[in-house]
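Peer 1: Let me give you the structure first, and then I'll get to my questions.
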Amino acid sequence: MRTLKVSMGERSYPIHIGSDLYARLPGLLRDRGIGPDRPLMLVTDTHVRPLYGEKVTEPLREAGYRVGEATVPAGESSKSLEHLSRLVEEALRFGLDRQGVVLALGGGVVGDLAGFLAATYMRGIPFVQLPTTLLAHDSSVGGKVGVNHPLGKNVIGAFHQPVMVVFDVETLRTLPAREVISGYAEVVKEALIADASFADWLLRNSERLLRLEPALVEEAIWNGCRIKAEVVSRDEREAGLRAVLNYGHTIGHALEAASGYVGLTHGEGVSIGMVGAAMLGEALGTAREVVQPTKRLLTAFRLPVQLEGNWSEDDLLELMRRDKKVRGGAYTFVLPERIGAVRVVRGVPEEAIRKVLRQLAAGEGS
Ligand SMILES: NC(=O)c1ccc[n+]([C@@H]2O[C@H](COP(=O)([O-])OP(=O)(O)OC[C@H]3O[C@@H](n4cnc5c(N)ncnc54)[C@H](O)[C@@H]3O)[C@@H](O)[C@H]2O)c1
Ligand SMILES: [Zn+2]
């Protein structure tokens with residue numbers, strides 16, 4: 001097991017990464033001051049519960065913890081106020097009180113939803129993240145929690161830091177291949193924004209990482225979490241620096257939304273978005289020779305680097321304008337300076353974005 005610390009003063013917390021960690025949960029909870037006198041509420045989804053529910057609850061019950069359980073349907077649609085309300089009902093029935101602790105076992109959907117339950121239940125109780133998707137190495141760190149509204153994704157939410165993250169990498173073995181690949185998009189993103197040597201390492205080891213060799217996956221997640229943790233500890237509430245984590249996301253979110261969140265996964269959208277950001281960077285002169293290395297790395301993880309199918313340029317631009325990161329009508333982008341460094345650029349001209357969308361559709365290089 002390897003442990004990383006997210007430094008945020010009183011709200012600092014450990015991230016434990018390794019194999020067969022759920023058996024150690026009672027001890028890890030006690031290390032955080034959470035003993036068996038505190039009621040625990042496990043929140044998970046219908047895919048994850050039969051796979052890992054008991055692996056989590058059994059050792060806890062054996063150690064004397066009282067554990068309630070609530071399961072939401074797998075999928076993004078569970079990130080809603082309706083499901084939040086149902087969880088509150090189940091928590092009340094179980095007798096979760098102010099001493100209670102929420103355990104979020106699952107991917108980003110469960111993490112965001114259960115985290116928001118913890119942020120709001122009785123004005124806020126602690127929660128523990130038990131991520132089971134590769135993408136969730138990203139979503140479980142940083143304390144952004146929330147649910148969707150029919151008019152917008154993640155528009156109802158809070159900053160609520162977990163008291164601990166326990167990432168058992170063995171759980172990734174049951175993850176569908178497309179979700180694995182999609183998760184690597186965020187790992188690649190972390191390398192591209194902050195660490196060129198990590199980017200090299202990812203390129204050299206992509207095949208073994210795709211095969212989910214535990215020691216390598218652990219190393220990749222450790223580095224991904226390290227970079228995310230560094231950024232969020234310096235800017236917990238997204239005043240500035242934290243925006244770099246949105247690299248590739250302006251175009252990525254627009255593609256995801258335009259595809260109705262079914263055609264493209266989040267990671268696939270972000271992958272194409274990072275190629276777009278690299279093209280934009282070269283066109284605007286913030287960077288040189290970043291498009292090809294970006295594509296090479298993404299392709300090594302079987303991630304898409306061009307736009308397939310029919311996309312309306314106007315629709316995509318409209319979606320980018322609506323993105324909550326676009327301020328005062330001006331397009332703001334995170335653009336590369338080189339591989340391993342990015343910066344936020346405001347006032348990106350619309351014509352340059354249109355050109356990049358056309359290049360992406362044509363599958364052009366730089
Ligand atoms: N809070 C943040 O900072 C942050 C960052 C990025 C993304 N997110 C959010 O994360 C969500 C996406 O997360 P996700 O990609 O993990 O999706 P997800 O939670 O829907 O999981 C993907 C699918 O895999 C299944 N699954 C999960 N773990 C499994 C396992 N070990 N084996 C087999 N199947 C498994 C799930 O049931 C689901 O069907 C989005 O809602 C997004 O907004 C949040
Ligand atoms: Zn993302």
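In the structure tokens, chains take letters A, B, ... by order of appearance, with residues numbered from 1 within each chain and ligands from 1 in the order shown.
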Kindly work out which residues sit at most 7 Å from ligand 2, using only C-alpha atoms and all ligand atoms, and give the list as a VMD selection string.
Peer 2: chain A and resid 186 246 249 266 to 267 270
Peer 1: Next, dump the selected residues to file, keeping only N, CA, C and O atoms, as a short mmCIF file (atom, residue, chain, number, x, y, z; two decimals), in the first residue's frame.
Peer 2:
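result-v3.cif written:
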```cif
data_model
loop_
_atom_site.label_atom_id
_atom_site.label_comp_id
_atom_site.auth_asym_id
_atom_site.auth_seq_id
_atom_site.Cartn_x
_atom_site.Cartn_y
_atom_site.Cartn_z
N GLU A 186 -7.79 10.82 -18.15
CA GLU A 186 -7.52 11.78 -17.07
C GLU A 186 -6.09 11.62 -16.54
O GLU A 186 -5.46 12.59 -16.13
N ASN A 246 -8.88 21.41 -15.90
CA ASN A 246 -9.89 21.34 -16.96
C ASN A 246 -9.26 21.25 -18.35
O ASN A 246 -9.94 21.44 -19.36
N HIS A 249 -11.07 19.92 -21.32
CA HIS A 249 -12.47 19.77 -20.92
C HIS A 249 -13.43 20.75 -21.59
O HIS A 249 -14.62 20.51 -21.61
N HIS A 266 -16.80 10.42 -21.01
CA HIS A 266 -16.12 11.63 -20.56
C HIS A 266 -14.66 11.63 -21.02
O HIS A 266 -14.17 12.60 -21.60
N GLY A 267 -13.99 10.52 -20.82
CA GLY A 267 -12.57 10.43 -21.18
C GLY A 267 -12.35 10.59 -22.68
O GLY A 267 -11.38 11.21 -23.10
N VAL A 270 -12.66 14.23 -23.48
CA VAL A 270 -11.48 14.96 -22.98
C VAL A 270 -10.27 14.67 -23.86
O VAL A 270 -9.45 15.56 -24.13
#
```
Peer 1: At a cut-off of 8 Å, using only C-alpha atoms, what residues contact Leu255 in chain A? Leave out same-chain residues fewer than 5 positions from it and give the result as a list in words.
Peer 2: Leu264, Gly269 and Leu316 of chain A
Peer 1: If you run DSSP over the backbone, which residues in range 246-354 of chain A end up helix (DSSP H, G or I)? Put them as a PyMOL selection string.
Peer 2: chain A and resi 246+249-258+266-284+291-300+313-322+350-354
Peer 1: Those residues you just picked out, can you put them in a file as a PDB file, in the first residue's frame with C-alpha atoms?
Peer 2:
```pdb
ATOM      1  CA  ASN A 246      -9.887  21.341 -16.963  1.00  0.00           C
ATOM      2  CA  HIS A 249     -12.469  19.769 -20.923  1.00  0.00           C
ATOM      3  CA  THR A 250     -13.854  22.840 -22.710  1.00  0.00           C
ATOM      4  CA  ILE A 251     -14.112  21.023 -26.028  1.00  0.00           C
ATOM      5  CA  GLY A 252     -14.533  17.684 -24.210  1.00  0.00           C
ATOM      6  CA  HIS A 253     -17.601  18.760 -22.252  1.00  0.00           C
ATOM      7  CA  ALA A 254     -19.168  20.234 -25.388  1.00  0.00           C
ATOM      8  CA  LEU A 255     -18.651  16.949 -27.262  1.00  0.00           C
ATOM      9  CA  GLU A 256     -20.026  14.935 -24.362  1.00  0.00           C
ATOM     10  CA  ALA A 257     -23.093  17.158 -24.138  1.00  0.00           C
ATOM     11  CA  ALA A 258     -23.634  17.215 -27.910  1.00  0.00           C
ATOM     12  CA  HIS A 266     -16.119  11.634 -20.563  1.00  0.00           C
ATOM     13  CA  GLY A 267     -12.574  10.428 -21.184  1.00  0.00           C
ATOM     14  CA  GLU A 268     -13.099  10.155 -24.921  1.00  0.00           C
ATOM     15  CA  GLY A 269     -14.427  13.718 -25.044  1.00  0.00           C
ATOM     16  CA  VAL A 270     -11.484  14.962 -22.982  1.00  0.00           C
ATOM     17  CA  SER A 271      -9.054  13.076 -25.214  1.00  0.00           C
ATOM     18  CA  ILE A 272     -10.286  14.829 -28.350  1.00  0.00           C
ATOM     19  CA  GLY A 273     -10.436  18.045 -26.325  1.00  0.00           C
ATOM     20  CA  MET A 274      -6.753  17.781 -25.410  1.00  0.00           C
ATOM     21  CA  VAL A 275      -5.803  17.341 -29.062  1.00  0.00           C
ATOM     22  CA  GLY A 276      -7.935  20.434 -29.770  1.00  0.00           C
ATOM     23  CA  ALA A 277      -6.234  22.390 -26.988  1.00  0.00           C
ATOM     24  CA  ALA A 278      -2.828  21.389 -28.365  1.00  0.00           C
ATOM     25  CA  MET A 279      -3.850  22.542 -31.859  1.00  0.00           C
ATOM     26  CA  LEU A 280      -5.151  25.789 -30.446  1.00  0.00           C
ATOM     27  CA  GLY A 281      -1.919  26.249 -28.501  1.00  0.00           C
ATOM     28  CA  GLU A 282       0.162  25.819 -31.633  1.00  0.00           C
ATOM     29  CA  ALA A 283      -2.113  28.117 -33.638  1.00  0.00           C
ATOM     30  CA  LEU A 284      -2.016  30.878 -31.013  1.00  0.00           C
ATOM     31  CA  VAL A 291       0.048  18.162 -31.172  1.00  0.00           C
ATOM     32  CA  GLN A 292       2.004  15.133 -32.371  1.00  0.00           C
ATOM     33  CA  PRO A 293       3.297  14.003 -28.950  1.00  0.00           C
ATOM     34  CA  THR A 294      -0.189  14.510 -27.484  1.00  0.00           C
ATOM     35  CA  LYS A 295      -1.743  12.369 -30.187  1.00  0.00           C
ATOM     36  CA  ARG A 296       0.937   9.706 -29.852  1.00  0.00           C
ATOM     37  CA  LEU A 297       0.308   9.357 -26.126  1.00  0.00           C
ATOM     38  CA  LEU A 298      -3.484   9.275 -26.450  1.00  0.00           C
ATOM     39  CA  THR A 299      -3.324   6.803 -29.332  1.00  0.00           C
ATOM     40  CA  ALA A 300      -1.098   4.539 -27.224  1.00  0.00           C
ATOM     41  CA  GLU A 313     -19.763  23.659 -35.228  1.00  0.00           C
ATOM     42  CA  ASP A 314     -22.358  26.193 -34.063  1.00  0.00           C
ATOM     43  CA  ASP A 315     -23.866  23.773 -31.552  1.00  0.00           C
ATOM     44  CA  LEU A 316     -20.456  22.956 -30.111  1.00  0.00           C
ATOM     45  CA  LEU A 317     -19.550  26.637 -29.802  1.00  0.00           C
ATOM     46  CA  GLU A 318     -22.881  27.356 -28.148  1.00  0.00           C
ATOM     47  CA  LEU A 319     -22.219  24.543 -25.654  1.00  0.00           C
ATOM     48  CA  MET A 320     -18.744  25.945 -24.958  1.00  0.00           C
ATOM     49  CA  ARG A 321     -20.240  29.379 -24.347  1.00  0.00           C
ATOM     50  CA  ARG A 322     -22.670  27.871 -21.841  1.00  0.00           C
ATOM     51  CA  GLU A 350     -13.895  32.164 -31.902  1.00  0.00           C
ATOM     52  CA  GLU A 351     -12.402  31.842 -35.387  1.00  0.00           C
ATOM     53  CA  ALA A 352      -9.409  29.944 -34.004  1.00  0.00           C
ATOM     54  CA  ILE A 353     -11.724  27.497 -32.233  1.00  0.00           C
ATOM     55  CA  ARG A 354     -13.769  26.962 -35.391  1.00  0.00           C
TER      56      ARG A 354
END
```
Peer 1: Nearest to Met164 in chain A among A:Ala287, A:Ala136, A:Leu4, A:Leu203, with distances taken over only C-alpha atoms: which residue is it?
Peer 2: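 Among the listed residues, the smallest separation from Met164 in chain A belongs to A:Leu4.
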Peer 1: Taking a cut-off of 8 Å and counting only C-alpha atoms and all ligand atoms, can you build a table that, for each residue of chain A near ligand 1, reports the nearest atom pair and how far apart they are in Å (one decimal), sorted by chain then residue number, as a Markdown table?
Peer 2:
```
| residue | atom | partner | partner_atom_place_in_ligand_line | distance |
| --- | --- | --- | --- | --- |
| A:Asp45 | CA | ligand 1 | 37 (O) | 5.8 |
| A:Thr46 | CA | ligand 1 | 37 (O) | 6.4 |
| A:His47 | CA | ligand 1 | 37 (O) | 4.4 |
| A:Val48 | CA | ligand 1 | 29 (C) | 5.4 |
| A:Leu51 | CA | ligand 1 | 32 (N) | 7.2 |
| A:Tyr52 | CA | ligand 1 | 31 (N) | 7.9 |
| A:Pro73 | CA | ligand 1 | 37 (O) | 7.9 |
| A:Ala74 | CA | ligand 1 | 37 (O) | 4.4 |
| A:Gly75 | CA | ligand 1 | 20 (O) | 4.5 |
| A:Glu76 | CA | ligand 1 | 20 (O) | 5.5 |
| A:Lys79 | CA | ligand 1 | 41 (O) | 6.9 |
| A:Gly106 | CA | ligand 1 | 28 (N) | 5.1 |
| A:Gly107 | CA | ligand 1 | 19 (O) | 3.2 |
| A:Gly108 | CA | ligand 1 | 13 (O) | 3.2 |
| A:Val109 | CA | ligand 1 | 19 (O) | 3.8 |
| A:Val110 | CA | ligand 1 | 19 (O) | 5.6 |
| A:Gly111 | CA | ligand 1 | 1 (N) | 7.2 |
| A:Asp112 | CA | ligand 1 | 1 (N) | 5.5 |
| A:Pro131 | CA | ligand 1 | 28 (N) | 7.5 |
| A:Thr132 | CA | ligand 1 | 28 (N) | 4.3 |
| A:Thr133 | CA | ligand 1 | 28 (N) | 4.7 |
| A:Leu134 | CA | ligand 1 | 16 (O) | 6.8 |
| A:Leu135 | CA | ligand 1 | 16 (O) | 5.1 |
| A:Ala136 | CA | ligand 1 | 16 (O) | 5.0 |
| A:Asp138 | CA | ligand 1 | 5 (C) | 5.6 |
| A:Ser139 | CA | ligand 1 | 4 (C) | 3.6 |
| A:Ser140 | CA | ligand 1 | 1 (N) | 6.2 |
| A:Val141 | CA | ligand 1 | 3 (O) | 6.7 |
| A:Gly142 | CA | ligand 1 | 3 (O) | 6.2 |
| A:Gly143 | CA | ligand 1 | 1 (N) | 6.6 |
| A:Lys144 | CA | ligand 1 | 1 (N) | 4.3 |
| A:Val145 | CA | ligand 1 | 1 (N) | 5.1 |
| A:Gly146 | CA | ligand 1 | 1 (N) | 7.4 |
| A:Val147 | CA | ligand 1 | 41 (O) | 7.9 |
| A:Lys153 | CA | ligand 1 | 43 (O) | 7.2 |
| A:Asn154 | CA | ligand 1 | 43 (O) | 6.5 |
| A:Thr171 | CA | ligand 1 | 31 (N) | 4.4 |
| A:Leu172 | CA | ligand 1 | 31 (N) | 4.7 |
| A:Arg173 | CA | ligand 1 | 31 (N) | 6.7 |
| A:Thr174 | CA | ligand 1 | 32 (N) | 4.0 |
| A:Leu175 | CA | ligand 1 | 32 (N) | 3.8 |
| A:Pro176 | CA | ligand 1 | 33 (C) | 6.2 |
| A:Glu179 | CA | ligand 1 | 22 (C) | 6.4 |
| A:Ser182 | CA | ligand 1 | 15 (O) | 7.5 |
| A:Gly183 | CA | ligand 1 | 15 (O) | 6.9 |
| A:Thr265 | CA | ligand 1 | 15 (O) | 7.8 |
| A:His266 | CA | ligand 1 | 15 (O) | 7.0 |
| A:Gly267 | CA | ligand 1 | 15 (O) | 7.9 |
```
